[in-house]
$ cat coords.txt   # compact mmCIF, C-alpha atoms and all ligand atoms
# COMPACT_ATOMS: atom_id res chain seq x y z
CA MET A 1 -56.63 25.23 -120.81
CA SER A 2 -56.21 28.78 -119.48
CA GLN A 3 -57.80 30.09 -116.32
CA ILE A 4 -58.00 33.47 -114.58
CA THR A 5 -57.87 34.10 -110.85
CA VAL A 6 -59.82 37.11 -109.57
CA GLN A 7 -59.66 38.82 -106.16
CA ARG A 8 -62.28 41.08 -104.67
CA ALA A 9 -61.79 44.60 -106.09
CA GLU A 10 -61.51 47.77 -103.98
CA SER A 11 -62.55 50.31 -106.60
CA LEU A 12 -62.34 50.66 -110.38
CA ARG A 13 -61.36 54.01 -111.81
CA GLY A 14 -60.24 55.41 -115.13
CA ARG A 15 -61.06 55.93 -118.79
CA VAL A 16 -60.75 53.10 -121.31
CA ARG A 17 -61.89 52.29 -124.81
CA VAL A 18 -63.13 48.74 -125.28
CA PRO A 19 -62.51 47.06 -128.68
CA GLY A 20 -64.57 47.74 -131.78
CA ASP A 21 -68.16 46.63 -132.03
CA LYS A 22 -68.39 42.99 -133.08
CA SER A 23 -71.63 43.28 -135.04
CA ILE A 24 -70.48 46.38 -136.92
CA SER A 25 -67.02 44.87 -137.59
CA HIS A 26 -68.55 41.76 -139.22
CA ARG A 27 -70.76 43.89 -141.41
CA ALA A 28 -67.99 46.29 -142.43
CA VAL A 29 -65.91 43.36 -143.73
CA LEU A 30 -68.81 41.60 -145.47
CA LEU A 31 -70.23 44.74 -147.06
CA GLY A 32 -66.79 46.12 -147.90
CA ALA A 33 -66.28 42.95 -149.94
CA ILE A 34 -69.23 43.72 -152.24
CA ALA A 35 -68.58 47.46 -152.50
CA GLN A 36 -67.00 48.83 -155.67
CA GLY A 37 -63.52 49.84 -154.50
CA ASP A 38 -61.40 49.90 -151.37
CA SER A 39 -63.00 50.26 -147.95
CA CYS A 40 -60.87 51.64 -145.15
CA ILE A 41 -62.03 50.37 -141.77
CA ARG A 42 -60.32 51.50 -138.58
CA GLY A 43 -60.74 49.87 -135.20
CA VAL A 44 -62.10 46.56 -136.50
CA LEU A 45 -62.47 44.05 -133.70
CA ARG A 46 -59.56 41.59 -133.94
CA GLY A 47 -61.47 38.94 -131.99
CA GLY A 48 -61.88 35.33 -133.05
CA ASP A 49 -65.38 35.85 -134.47
CA CYS A 50 -64.39 38.75 -136.72
CA LEU A 51 -61.14 37.08 -137.73
CA ALA A 52 -63.36 34.24 -138.94
CA THR A 53 -65.32 36.66 -141.13
CA ILE A 54 -62.08 38.13 -142.53
CA GLY A 55 -60.80 34.60 -143.33
CA CYS A 56 -64.07 33.65 -145.04
CA ILE A 57 -64.12 36.82 -147.13
CA ARG A 58 -60.58 36.09 -148.29
CA GLY A 59 -61.79 32.58 -149.15
CA LEU A 60 -64.34 34.22 -151.45
CA GLY A 61 -61.53 35.85 -153.43
CA VAL A 62 -61.51 39.27 -151.76
CA THR A 63 -58.18 40.84 -150.80
CA VAL A 64 -58.05 42.18 -147.26
CA ASP A 65 -54.92 44.16 -146.39
CA GLU A 66 -53.81 45.12 -142.90
CA PRO A 67 -51.48 48.11 -143.40
CA ASP A 68 -51.15 48.66 -139.65
CA GLY A 69 -52.40 47.16 -136.40
CA ASP A 70 -55.57 49.25 -136.48
CA THR A 71 -56.66 49.54 -140.13
CA LEU A 72 -58.16 47.03 -142.49
CA VAL A 73 -58.47 47.69 -146.21
CA VAL A 74 -61.07 45.52 -147.91
CA ARG A 75 -60.60 45.58 -151.68
CA GLY A 76 -64.24 45.34 -152.69
CA ARG A 77 -65.05 43.40 -155.85
CA GLY A 78 -68.56 44.69 -156.42
CA LEU A 79 -71.88 42.92 -155.90
CA ASP A 80 -71.06 40.21 -158.44
CA GLY A 81 -67.35 39.82 -157.76
CA LEU A 82 -67.29 37.06 -155.12
CA GLN A 83 -65.57 33.86 -156.27
CA GLU A 84 -66.56 30.31 -155.53
CA PRO A 85 -64.31 29.11 -152.68
CA SER A 86 -62.34 25.94 -153.36
CA ASN A 87 -62.58 24.86 -149.72
CA PRO A 88 -65.21 25.02 -146.99
CA LEU A 89 -65.20 28.39 -145.21
CA ASP A 90 -64.36 28.18 -141.50
CA CYS A 91 -66.71 30.33 -139.44
CA ARG A 92 -64.98 29.19 -136.21
CA SER A 93 -67.46 29.83 -133.34
CA SER A 94 -69.21 32.76 -134.98
CA GLY A 95 -72.93 32.44 -135.60
CA THR A 96 -72.98 35.91 -137.16
CA THR A 97 -70.35 34.88 -139.72
CA MET A 98 -72.21 31.75 -140.75
CA ARG A 99 -75.70 33.23 -140.90
CA LEU A 100 -74.82 36.48 -142.67
CA LEU A 101 -72.54 34.69 -145.12
CA ALA A 102 -75.27 32.15 -145.91
CA GLY A 103 -77.45 35.03 -147.14
CA LEU A 104 -74.64 36.75 -149.01
CA VAL A 105 -73.36 33.70 -150.90
CA ALA A 106 -76.92 32.57 -151.64
CA GLY A 107 -77.60 35.93 -153.26
CA ALA A 108 -74.26 36.08 -155.06
CA GLY A 109 -74.71 32.56 -156.42
CA VAL A 110 -71.33 31.21 -155.32
CA MET A 111 -71.61 27.60 -154.16
CA THR A 112 -70.18 27.58 -150.64
CA VAL A 113 -69.79 25.18 -147.73
CA LEU A 114 -69.87 26.88 -144.33
CA SER A 115 -68.48 25.06 -141.34
CA GLY A 116 -67.38 25.93 -137.84
CA SER A 117 -66.21 24.79 -134.43
CA GLY A 118 -67.95 22.01 -132.51
CA GLN A 119 -69.76 24.76 -130.62
CA LEU A 120 -71.07 26.51 -133.76
CA ASN A 121 -71.96 23.23 -135.44
CA ARG A 122 -74.54 22.63 -132.69
CA ARG A 123 -76.37 25.92 -133.29
CA PRO A 124 -79.69 26.18 -135.20
CA MET A 125 -79.50 27.13 -138.88
CA ALA A 126 -83.05 26.32 -140.07
CA ARG A 127 -83.84 29.94 -139.25
CA VAL A 128 -81.68 31.08 -142.19
CA ALA A 129 -82.02 27.98 -144.38
CA GLU A 130 -85.79 28.23 -144.51
CA PRO A 131 -86.16 31.82 -145.81
CA LEU A 132 -83.23 31.38 -148.21
CA ARG A 133 -84.92 28.28 -149.64
CA ARG A 134 -88.09 30.32 -150.09
CA MET A 135 -86.02 32.78 -152.10
CA GLY A 136 -84.94 29.91 -154.36
CA ALA A 137 -81.61 28.81 -152.83
CA THR A 138 -80.65 25.24 -152.05
CA VAL A 139 -79.41 24.94 -148.47
CA LEU A 140 -78.26 21.56 -147.24
CA GLY A 141 -76.99 20.72 -143.80
CA ARG A 142 -77.00 18.07 -141.13
CA GLN A 143 -80.42 17.02 -139.87
CA GLY A 144 -82.23 18.29 -142.95
CA GLY A 145 -80.40 21.61 -143.04
CA ARG A 146 -80.98 22.40 -139.39
CA LEU A 147 -77.34 22.12 -138.28
CA PRO A 148 -73.99 23.11 -139.82
CA PRO A 149 -71.98 22.47 -141.88
CA LEU A 150 -74.19 24.12 -144.50
CA ALA A 151 -73.86 23.83 -148.27
CA VAL A 152 -75.42 26.86 -149.94
CA GLN A 153 -76.13 27.03 -153.66
CA GLY A 154 -77.98 30.16 -154.71
CA GLY A 155 -78.13 32.62 -157.55
CA ARG A 156 -81.20 33.92 -159.42
CA LEU A 157 -83.13 34.32 -156.19
CA HIS A 158 -86.48 36.04 -155.99
CA GLY A 159 -87.82 38.48 -153.43
CA ILE A 160 -89.99 37.30 -150.54
CA ASP A 161 -92.25 38.83 -147.95
CA TYR A 162 -91.13 37.24 -144.70
CA ALA A 163 -92.12 37.53 -141.05
CA LEU A 164 -89.19 36.71 -138.75
CA PRO A 165 -90.11 33.75 -136.50
CA VAL A 166 -87.49 34.91 -133.95
CA ALA A 167 -86.22 38.40 -133.11
CA SER A 168 -82.87 37.83 -134.82
CA ALA A 169 -80.71 40.39 -136.58
CA GLN A 170 -78.64 37.58 -138.04
CA VAL A 171 -81.66 36.12 -139.82
CA LYS A 172 -82.92 39.55 -140.88
CA SER A 173 -79.47 40.45 -142.23
CA ALA A 174 -79.11 37.17 -144.15
CA ILE A 175 -82.40 37.87 -145.94
CA VAL A 176 -81.58 41.55 -146.55
CA LEU A 177 -78.18 40.57 -148.02
CA ALA A 178 -79.75 37.93 -150.29
CA GLY A 179 -82.36 40.57 -151.20
CA LEU A 180 -79.60 42.74 -152.69
CA TYR A 181 -79.53 40.24 -155.56
CA THR A 182 -83.25 39.81 -156.29
CA PRO A 183 -85.04 41.68 -159.07
CA GLU A 184 -88.11 41.97 -156.85
CA LEU A 185 -88.45 43.74 -153.53
CA THR A 186 -87.70 41.67 -150.42
CA VAL A 187 -89.66 42.59 -147.30
CA VAL A 188 -88.71 41.42 -143.80
CA HIS A 189 -91.13 41.95 -140.93
CA GLU A 190 -89.46 42.19 -137.53
CA HIS A 191 -90.62 39.84 -134.77
CA PRO A 192 -93.42 41.30 -132.60
CA GLN A 193 -91.14 41.17 -129.53
CA GLY A 194 -89.03 44.02 -130.85
CA ILE A 195 -86.77 45.45 -133.52
CA SER A 196 -83.46 43.62 -133.72
CA ARG A 197 -80.13 45.41 -134.20
CA ASP A 198 -80.16 47.35 -137.47
CA HIS A 199 -76.47 47.79 -138.30
CA THR A 200 -76.81 46.03 -141.68
CA GLU A 201 -79.53 48.40 -142.80
CA ARG A 202 -77.68 51.50 -141.56
CA MET A 203 -74.41 50.51 -143.22
CA LEU A 204 -76.02 49.55 -146.51
CA ARG A 205 -77.85 52.87 -146.59
CA ALA A 206 -74.56 54.69 -145.92
CA MET A 207 -73.17 52.83 -148.97
CA GLY A 208 -76.03 54.03 -151.14
CA ALA A 209 -78.17 50.87 -151.22
CA PRO A 210 -81.96 51.21 -151.47
CA ILE A 211 -82.73 49.74 -148.03
CA HIS A 212 -85.73 51.20 -146.25
CA SER A 213 -86.79 50.67 -142.65
CA LEU A 214 -90.51 51.43 -142.30
CA GLY A 215 -91.56 50.82 -138.70
CA ALA A 216 -91.21 47.10 -138.16
CA ARG A 217 -90.51 46.33 -141.84
CA VAL A 218 -87.27 46.33 -143.77
CA LEU A 219 -87.35 46.60 -147.56
CA SER A 220 -84.35 45.44 -149.57
CA GLU A 221 -83.82 45.51 -153.32
CA ARG A 222 -81.04 45.26 -155.87
CA PRO A 223 -79.06 48.52 -155.99
CA THR A 224 -79.04 50.24 -159.37
CA HIS A 225 -75.58 51.72 -158.66
CA PRO A 226 -72.44 50.05 -157.29
CA LEU A 227 -72.18 50.11 -153.49
CA GLN A 228 -69.85 52.88 -152.34
CA PRO A 229 -66.86 51.74 -150.30
CA LEU A 230 -66.72 52.45 -146.58
CA ASP A 231 -64.42 54.80 -144.73
CA LEU A 232 -65.17 54.46 -141.06
CA GLU A 233 -63.97 54.09 -137.51
CA ILE A 234 -65.80 51.25 -135.75
CA PRO A 235 -67.29 52.45 -132.43
CA ALA A 236 -66.57 50.56 -129.21
CA ASP A 237 -68.82 47.58 -128.50
CA MET A 238 -71.69 48.16 -126.05
CA SER A 239 -71.78 44.40 -125.46
CA SER A 240 -68.15 44.50 -124.25
CA ALA A 241 -68.56 47.80 -122.38
CA ALA A 242 -71.40 46.07 -120.51
CA PHE A 243 -68.98 44.01 -118.39
CA LEU A 244 -67.07 47.09 -117.25
CA MET A 245 -70.31 49.02 -116.68
CA VAL A 246 -71.57 46.36 -114.28
CA ALA A 247 -68.14 45.95 -112.66
CA ALA A 248 -68.08 49.70 -111.89
CA LEU A 249 -71.68 49.77 -110.66
CA LEU A 250 -71.05 46.92 -108.22
CA THR A 251 -67.67 47.99 -106.84
CA PRO A 252 -67.82 50.76 -104.16
CA GLY A 253 -65.80 53.88 -104.95
CA SER A 254 -65.77 53.22 -108.69
CA ARG A 255 -66.02 55.71 -111.54
CA VAL A 256 -65.28 54.47 -115.05
CA GLU A 257 -65.50 56.25 -118.41
CA LEU A 258 -66.00 54.08 -121.48
CA ALA A 259 -65.04 55.97 -124.62
CA ALA A 260 -66.96 56.09 -127.93
CA VAL A 261 -69.45 53.27 -127.30
CA THR A 262 -72.20 52.28 -129.80
CA LEU A 263 -75.43 53.84 -128.57
CA ASN A 264 -77.62 52.53 -131.35
CA PRO A 265 -81.05 52.21 -129.67
CA THR A 266 -81.29 48.59 -130.81
CA ARG A 267 -78.28 47.88 -128.55
CA THR A 268 -78.96 49.83 -125.36
CA GLY A 269 -81.26 47.39 -123.57
CA LEU A 270 -78.82 46.77 -120.71
CA TYR A 271 -78.10 50.49 -120.30
CA ASP A 272 -81.84 51.11 -119.85
CA VAL A 273 -82.37 48.15 -117.50
CA LEU A 274 -79.41 49.17 -115.30
CA THR A 275 -80.75 52.73 -115.19
CA ALA A 276 -84.16 51.39 -114.10
CA MET A 277 -82.32 49.45 -111.34
CA GLY A 278 -80.92 52.73 -109.99
CA GLY A 279 -77.59 52.61 -111.79
CA GLN A 280 -75.73 55.90 -112.27
CA LEU A 281 -75.01 55.96 -115.98
CA THR A 282 -74.63 59.02 -118.16
CA VAL A 283 -73.67 59.70 -121.76
CA GLU A 284 -71.20 62.44 -122.69
CA ASN A 285 -69.93 63.64 -126.04
CA ALA A 286 -72.79 62.10 -128.05
CA HIS A 287 -72.13 62.11 -131.81
CA GLU A 288 -72.64 60.02 -134.97
CA VAL A 289 -70.21 57.80 -136.85
CA ALA A 290 -71.31 56.46 -140.25
CA GLY A 291 -74.99 56.58 -139.33
CA GLU A 292 -74.45 55.06 -135.87
CA PRO A 293 -75.00 57.02 -132.62
CA VAL A 294 -71.90 56.92 -130.40
CA GLY A 295 -70.96 58.46 -127.03
CA ASP A 296 -68.84 58.11 -123.90
CA VAL A 297 -70.60 56.18 -121.12
CA VAL A 298 -69.74 57.28 -117.58
CA VAL A 299 -70.59 54.84 -114.79
CA ALA A 300 -70.27 55.28 -111.02
CA HIS A 301 -70.93 52.84 -108.20
CA ALA A 302 -74.56 52.86 -107.04
CA PRO A 303 -76.84 50.58 -105.04
CA LEU A 304 -79.15 48.66 -107.36
CA ARG A 305 -82.70 47.40 -106.93
CA GLY A 306 -84.30 44.41 -108.64
CA THR A 307 -86.31 44.85 -111.83
CA THR A 308 -88.01 42.95 -114.63
CA ALA A 309 -86.32 42.70 -118.04
CA ALA A 310 -88.74 41.47 -120.69
CA GLY A 311 -90.05 42.12 -124.19
CA GLU A 312 -88.20 44.57 -126.38
CA ALA A 313 -85.57 45.38 -123.73
CA VAL A 314 -84.46 41.74 -124.00
CA VAL A 315 -84.13 42.00 -127.79
CA ARG A 316 -82.04 45.17 -127.35
CA GLY A 317 -79.78 43.53 -124.78
CA ILE A 318 -79.85 39.79 -125.43
CA ASP A 319 -76.04 39.37 -125.23
CA GLU A 320 -75.90 41.32 -121.98
CA LEU A 321 -78.22 39.06 -119.96
CA PRO A 322 -75.39 36.96 -118.44
CA ILE A 323 -73.81 40.11 -116.96
CA LEU A 324 -77.25 41.40 -115.94
CA ALA A 325 -77.60 38.20 -113.88
CA VAL A 326 -74.40 39.14 -112.05
CA ALA A 327 -75.71 42.67 -111.38
CA ALA A 328 -78.96 41.18 -110.11
CA THR A 329 -77.14 39.11 -107.45
CA GLN A 330 -76.11 42.42 -105.84
CA ALA A 331 -79.44 44.25 -106.31
CA HIS A 332 -82.01 44.58 -103.53
CA GLY A 333 -85.09 42.50 -104.30
CA THR A 334 -86.12 40.27 -107.16
CA THR A 335 -84.90 40.53 -110.74
CA VAL A 336 -86.90 38.67 -113.36
CA VAL A 337 -85.61 38.05 -116.89
CA ARG A 338 -88.22 36.62 -119.25
CA ASP A 339 -88.98 36.43 -123.00
CA ALA A 340 -85.35 35.37 -123.40
CA ALA A 341 -85.63 31.76 -124.62
CA GLU A 342 -83.15 32.72 -127.39
CA LEU A 343 -80.48 32.52 -124.68
CA ARG A 344 -80.76 28.74 -124.94
CA VAL A 345 -79.28 28.72 -128.46
CA LYS A 346 -76.33 31.08 -128.00
CA GLU A 347 -72.71 29.90 -127.67
CA THR A 348 -74.04 27.81 -124.78
CA ASP A 349 -77.51 27.38 -123.30
CA ARG A 350 -76.95 30.62 -121.38
CA ILE A 351 -79.92 30.08 -119.07
CA ALA A 352 -78.52 26.74 -117.90
CA THR A 353 -74.85 27.75 -117.77
CA VAL A 354 -75.36 31.15 -116.08
CA VAL A 355 -77.59 29.58 -113.41
CA GLU A 356 -75.23 26.64 -112.84
CA GLU A 357 -72.10 28.76 -112.46
CA LEU A 358 -73.55 31.67 -110.45
CA ARG A 359 -75.07 29.18 -108.01
CA LYS A 360 -71.59 27.81 -107.32
CA LEU A 361 -70.67 31.33 -106.13
CA GLY A 362 -73.70 31.37 -103.82
CA ALA A 363 -76.15 33.32 -105.99
CA GLN A 364 -79.86 32.76 -105.49
CA ILE A 365 -80.83 32.25 -109.10
CA GLU A 366 -83.40 29.95 -110.67
CA ALA A 367 -83.84 28.98 -114.29
CA ARG A 368 -87.13 29.48 -116.12
CA PRO A 369 -87.87 28.15 -119.62
CA ASP A 370 -87.45 31.66 -121.04
CA GLY A 371 -85.10 33.34 -118.55
CA PHE A 372 -84.20 33.37 -114.87
CA ILE A 373 -85.14 34.86 -111.51
CA VAL A 374 -82.55 36.26 -109.11
CA GLU A 375 -83.01 37.23 -105.43
CA GLY A 376 -80.55 39.72 -104.03
CA PRO A 377 -78.41 40.96 -102.59
CA THR A 378 -76.23 37.91 -101.92
CA ALA A 379 -72.69 37.86 -100.56
CA LEU A 380 -70.94 35.82 -103.26
CA ARG A 381 -68.15 33.46 -102.14
CA GLY A 382 -65.14 32.90 -104.36
CA CYS A 383 -64.69 29.36 -105.75
CA THR A 384 -63.81 27.65 -109.03
CA VAL A 385 -66.26 28.21 -111.88
CA ASP A 386 -66.26 27.31 -115.57
CA SER A 387 -66.99 29.32 -118.72
CA HIS A 388 -68.19 26.27 -120.71
CA GLY A 389 -66.20 27.83 -123.57
CA ASP A 390 -68.61 30.81 -123.72
CA HIS A 391 -66.86 34.22 -123.88
CA ARG A 392 -69.70 36.18 -122.33
CA LEU A 393 -70.08 33.73 -119.47
CA ALA A 394 -66.32 33.82 -118.83
CA MET A 395 -66.34 37.64 -118.52
CA ALA A 396 -69.55 37.68 -116.45
CA LEU A 397 -67.93 35.24 -113.99
CA ILE A 398 -64.79 37.36 -113.75
CA VAL A 399 -66.96 40.38 -112.87
CA ALA A 400 -68.76 38.25 -110.28
CA GLY A 401 -65.30 37.41 -108.89
CA LEU A 402 -64.61 41.13 -108.38
CA VAL A 403 -67.43 41.31 -105.82
CA ALA A 404 -67.05 37.82 -104.32
CA ASP A 405 -65.25 37.21 -101.03
CA GLY A 406 -61.82 35.63 -101.39
CA GLU A 407 -60.52 34.21 -104.63
CA THR A 408 -62.50 33.14 -107.69
CA VAL A 409 -60.94 30.94 -110.36
CA VAL A 410 -62.60 31.07 -113.79
CA ARG A 411 -61.62 28.12 -115.95
CA ASP A 412 -61.52 27.91 -119.75
CA THR A 413 -60.99 31.61 -120.46
CA ASP A 414 -59.33 31.52 -123.92
CA CYS A 415 -62.78 32.09 -125.40
CA ILE A 416 -62.76 35.69 -124.08
CA SER A 417 -60.79 36.66 -127.19
CA ASP A 418 -63.76 35.66 -129.38
CA SER A 419 -65.26 39.08 -128.64
CA PHE A 420 -63.05 41.03 -126.20
CA PRO A 421 -59.33 40.51 -126.66
CA GLY A 422 -57.53 42.44 -123.90
CA PHE A 423 -60.41 42.23 -121.43
CA GLU A 424 -58.18 41.22 -118.51
CA ARG A 425 -55.65 43.95 -119.35
CA LEU A 426 -58.33 46.68 -119.32
CA LEU A 427 -59.80 45.42 -116.08
CA VAL A 428 -56.36 45.45 -114.43
CA ARG A 429 -55.77 48.97 -115.75
CA LEU A 430 -58.96 50.08 -113.99
CA GLY A 431 -57.82 48.51 -110.72
CA GLY A 432 -59.01 44.89 -110.92
CA LYS A 433 -56.80 42.23 -109.32
CA LEU A 434 -56.50 39.40 -111.81
CA GLY A 435 -53.87 36.73 -112.17
C1 LIG B 501 -75.84 39.54 -133.70
C2 LIG B 501 -77.14 39.28 -133.42
C3 LIG B 501 -77.58 38.59 -132.20
C4 LIG B 501 -76.49 38.57 -131.15
C5 LIG B 501 -75.15 38.20 -131.71
C6 LIG B 501 -74.74 39.19 -132.78
C7 LIG B 501 -75.49 40.23 -134.97
O1 LIG B 501 -77.90 37.25 -132.52
O2 LIG B 501 -76.84 37.69 -130.12
O3 LIG B 501 -74.16 38.19 -130.70
O4 LIG B 501 -74.37 40.74 -135.11
O5 LIG B 501 -76.37 40.27 -135.85
P1 LIG B 501 -79.35 36.83 -133.11
O6 LIG B 501 -79.49 37.44 -134.45
O7 LIG B 501 -79.31 35.34 -133.17
O8 LIG B 501 -80.35 37.36 -132.13
$ encode --input "coords.txt" --output "structure tokens" --more "lines below"
Ligand code: S3P
Amino acid sequence: MSQITVQRAESLRGRVRVPGDKSISHRAVLLGAIAQGDSCIRGVLRGGDCLATIGCIRGLGVTVDEPDGDTLVVRGRGLDGLQEPSNPLDCRSSGTTMRLLAGLVAGAGVMTVLSGSGQLNRRPMARVAEPLRRMGATVLGRQGGRLPPLAVQGGRLHGIDYALPVASAQVKSAIVLAGLYTPELTVVHEHPQGISRDHTERMLRAMGAPIHSLGARVLSERPTHPLQPLDLEIPADMSSAAFLMVAALLTPGSRVELAAVTLNPTRTGLYDVLTAMGGQLTVENAHEVAGEPVGDVVVAHAPLRGTTAAGEAVVRGIDELPILAVAATQAHGTTVVRDAAELRVKETDRIATVVEELRKLGAQIEARPDGFIVEGPTALRGCTVDSHGDHRLAMALIVAGLVADGETVVRDTDCISDSFPGFERLLVRLGGKLG
């Protein structure tokens, strides 16, 4: 099992581009598959989660070519062109792959078994099984359909009017994708806590699908024309940039530029929380790529003060809460994270694992049922910590190691490549001391 040793950093400086956005990469592959014609997608994230989606789409009979290291060509087969896979599809550790595919194959009516790693097979699936059953699909799984593997048999679905029981873009997207195949309108009401990431809706609209976002409602219906193929450059992932943003904020003398990052407002929760903490963050060169706002994020070291992250900011930054916990250990005062019970059903129970591992480094952090409370600033002390196989925890702990005294050893770091292949290399290029 691999491990990474981190020394305290002096300063981080430079301009880097983190890999392509994970959420947008998944959607480009899935939607490219049902477009009519070839989609050309540059800068797709080649991380484990997105490689799982590419493998599954091939399993559904779609050709995906890789003419060079950067470009993916998805040879779309149209809305009704997916083929029944002869084997279970392996979603590896990717919840997005399993949940979005469940909606897509239910709509398309191709009987499919979706399975994954031990980690994914512990994650809740009733949240997608239940609405898809209401639309007329049969969804079977362990424990009455609550846990993977899932067997999905759909086709001839009907539209529903559905209020999301959790603020989840994966659930919303599964229903919207299934809704592409229903003769009636499908309406999804966002959770009252906040509007979840809307990349599916934006991309489908860019492809000509009749998807409407009306306040907190999304309306999906069967397109009357074939979906147009995509031609896009995937922006850099805000959720990956987040680790380098916090690393730069916490390390004296730092100034880091992160090129072409997704600035979709449903993804900028951490940016806003760090700004409220006194962080020096600015956006340069703001522009749009395929309906998505993008810009360079410039971050300089700054003293931080504690804050409260709750409500919609948590929805807009749910994946960034482990690294926010690290920032909070260095902020003056109390940081409270609440309304974040969803953290308990991510790759790990991120409330439990973040608290357990940061405490080993000397952080004053306490778990709450729906979040955590951190008192700062604390002088962290290097020691051996464990990622629990969770990519975001592994990277958060490496950033903690950059500000800890002495040497920090982070164990079980292969998982970093699930979302951010090359993370260590970029950190070293900015001046981090990793071994
Ligand atoms: C994602 C949605 C979020 C997020 C995950 C990616 C997506 O999950 O945590 O990393 O691409 O739709 P939920 O939909 O479960 O909130």
$ residues_near_ligand --input "coords.txt" --ligand "ligand LIG 501 (chain B)" --cutoff "7 Å" --atoms "only C-alpha atoms and all ligand atoms" --output "PDB file with C-alpha atoms, keeping the file's coordinate frame"
ATOM      1  CA  LYS A  22     -68.390  42.990-133.080  1.00  0.00           C
ATOM      2  CA  SER A  23     -71.630  43.280-135.040  1.00  0.00           C
ATOM      3  CA  THR A  96     -72.980  35.910-137.160  1.00  0.00           C
ATOM      4  CA  ALA A 167     -86.220  38.400-133.110  1.00  0.00           C
ATOM      5  CA  SER A 168     -82.870  37.830-134.820  1.00  0.00           C
ATOM      6  CA  ALA A 169     -80.710  40.390-136.580  1.00  0.00           C
ATOM      7  CA  GLN A 170     -78.640  37.580-138.040  1.00  0.00           C
ATOM      8  CA  VAL A 171     -81.660  36.120-139.820  1.00  0.00           C
ATOM      9  CA  ARG A 197     -80.130  45.410-134.200  1.00  0.00           C
ATOM     10  CA  ILE A 318     -79.850  39.790-125.430  1.00  0.00           C
ATOM     11  CA  ASP A 319     -76.040  39.370-125.230  1.00  0.00           C
ATOM     12  CA  LYS A 346     -76.330  31.080-128.000  1.00  0.00           C
TER      13      LYS A 346
END
$ atom_distance --input "coords.txt" --atom1 "CA of Ala341 in chain A" --atom2 "CA of Ala236 in chain A"
27.2 Å
$ closest_residue --input "coords.txt" --among "A:Glu221, A:Val299, A:Val105, A:Arg123" --to "Ala174 in chain A" --atoms "all atoms listed in the file"
A:Val105
$ closest_residue --input "coords.txt" --among "A:Gly279, A:Gly333, A:Pro149, A:Pro192" --to "Gly306 in chain A" --atoms "only C-alpha atoms"
A:Gly333
$ closest_residue --input "coords.txt" --among "A:Leu140, A:Leu304, A:Leu180, A:Ala260" --to "Leu274 in chain A" --atoms "all atoms listed in the file"
A:Leu304
$ residues_near_point --input "coords.txt" --point "(-63.3, 52.1, -113.6)" --cutoff "12 Å" --atoms "all atoms listed in the file" --output "VMD selection string"
chain A and resid 9 to 17 241 243 to 259 297 to 301 426 to 432
$ write_last_selection --input "coords.txt" --atoms "C-alpha atoms" --output "compact mmCIF listing (two decimals), in the frame of the given file"
# COMPACT_ATOMS: atom_id res chain seq x y z
CA ALA A 9 -61.79 44.60 -106.09
CA GLU A 10 -61.51 47.77 -103.98
CA SER A 11 -62.55 50.31 -106.60
CA LEU A 12 -62.34 50.66 -110.38
CA ARG A 13 -61.36 54.01 -111.81
CA GLY A 14 -60.24 55.41 -115.13
CA ARG A 15 -61.06 55.93 -118.79
CA VAL A 16 -60.75 53.10 -121.31
CA ARG A 17 -61.89 52.29 -124.81
CA ALA A 241 -68.56 47.80 -122.38
CA PHE A 243 -68.98 44.01 -118.39
CA LEU A 244 -67.07 47.09 -117.25
CA MET A 245 -70.31 49.02 -116.68
CA VAL A 246 -71.57 46.36 -114.28
CA ALA A 247 -68.14 45.95 -112.66
CA ALA A 248 -68.08 49.70 -111.89
CA LEU A 249 -71.68 49.77 -110.66
CA LEU A 250 -71.05 46.92 -108.22
CA THR A 251 -67.67 47.99 -106.84
CA PRO A 252 -67.82 50.76 -104.16
CA GLY A 253 -65.80 53.88 -104.95
CA SER A 254 -65.77 53.22 -108.69
CA ARG A 255 -66.02 55.71 -111.54
CA VAL A 256 -65.28 54.47 -115.05
CA GLU A 257 -65.50 56.25 -118.41
CA LEU A 258 -66.00 54.08 -121.48
CA ALA A 259 -65.04 55.97 -124.62
CA VAL A 297 -70.60 56.18 -121.12
CA VAL A 298 -69.74 57.28 -117.58
CA VAL A 299 -70.59 54.84 -114.79
CA ALA A 300 -70.27 55.28 -111.02
CA HIS A 301 -70.93 52.84 -108.20
CA LEU A 426 -58.33 46.68 -119.32
CA LEU A 427 -59.80 45.42 -116.08
CA VAL A 428 -56.36 45.45 -114.43
CA ARG A 429 -55.77 48.97 -115.75
CA LEU A 430 -58.96 50.08 -113.99
CA GLY A 431 -57.82 48.51 -110.72
CA GLY A 432 -59.01 44.89 -110.92
$ residues_around --input "coords.txt" --residues "range 46-54 of chain A" --least-positions-apart "3" --cutoff "8 Å" --atoms "only C-alpha atoms" --output "list in words"
Lys22, Ser25, His26, Val29, Leu30, Ile57, Arg58, Val64, Asp90, Cys91, Arg92, Ser93, Ser94, Thr97, Ser417, Asp418, Ser419, Phe420 and Pro421 of chain A
$ residues_around --input "coords.txt" --residues "range 198-202 of chain A" --least-positions-apart "5" --cutoff "8 Å" --atoms "only C-alpha atoms" --output "ChimeraX atom specification"
/A:23-24,27,169,173,211-213,266,291-292
$ residues_around --input "coords.txt" --residues "Gly103 in chain A" --least-positions-apart "5" --cutoff "7 Å" --atoms "only C-alpha atoms" --output "tab-separated table (two decimals) with C-alpha atoms, keeping the file's coordinate frame"
chain	number	residue	atom	x	y	z
A	132	LEU	CA	-83.23	31.38	-148.21
A	174	ALA	CA	-79.11	37.17	-144.15
A	175	ILE	CA	-82.40	37.87	-145.94
A	177	LEU	CA	-78.18	40.57	-148.02
A	178	ALA	CA	-79.75	37.93	-150.29
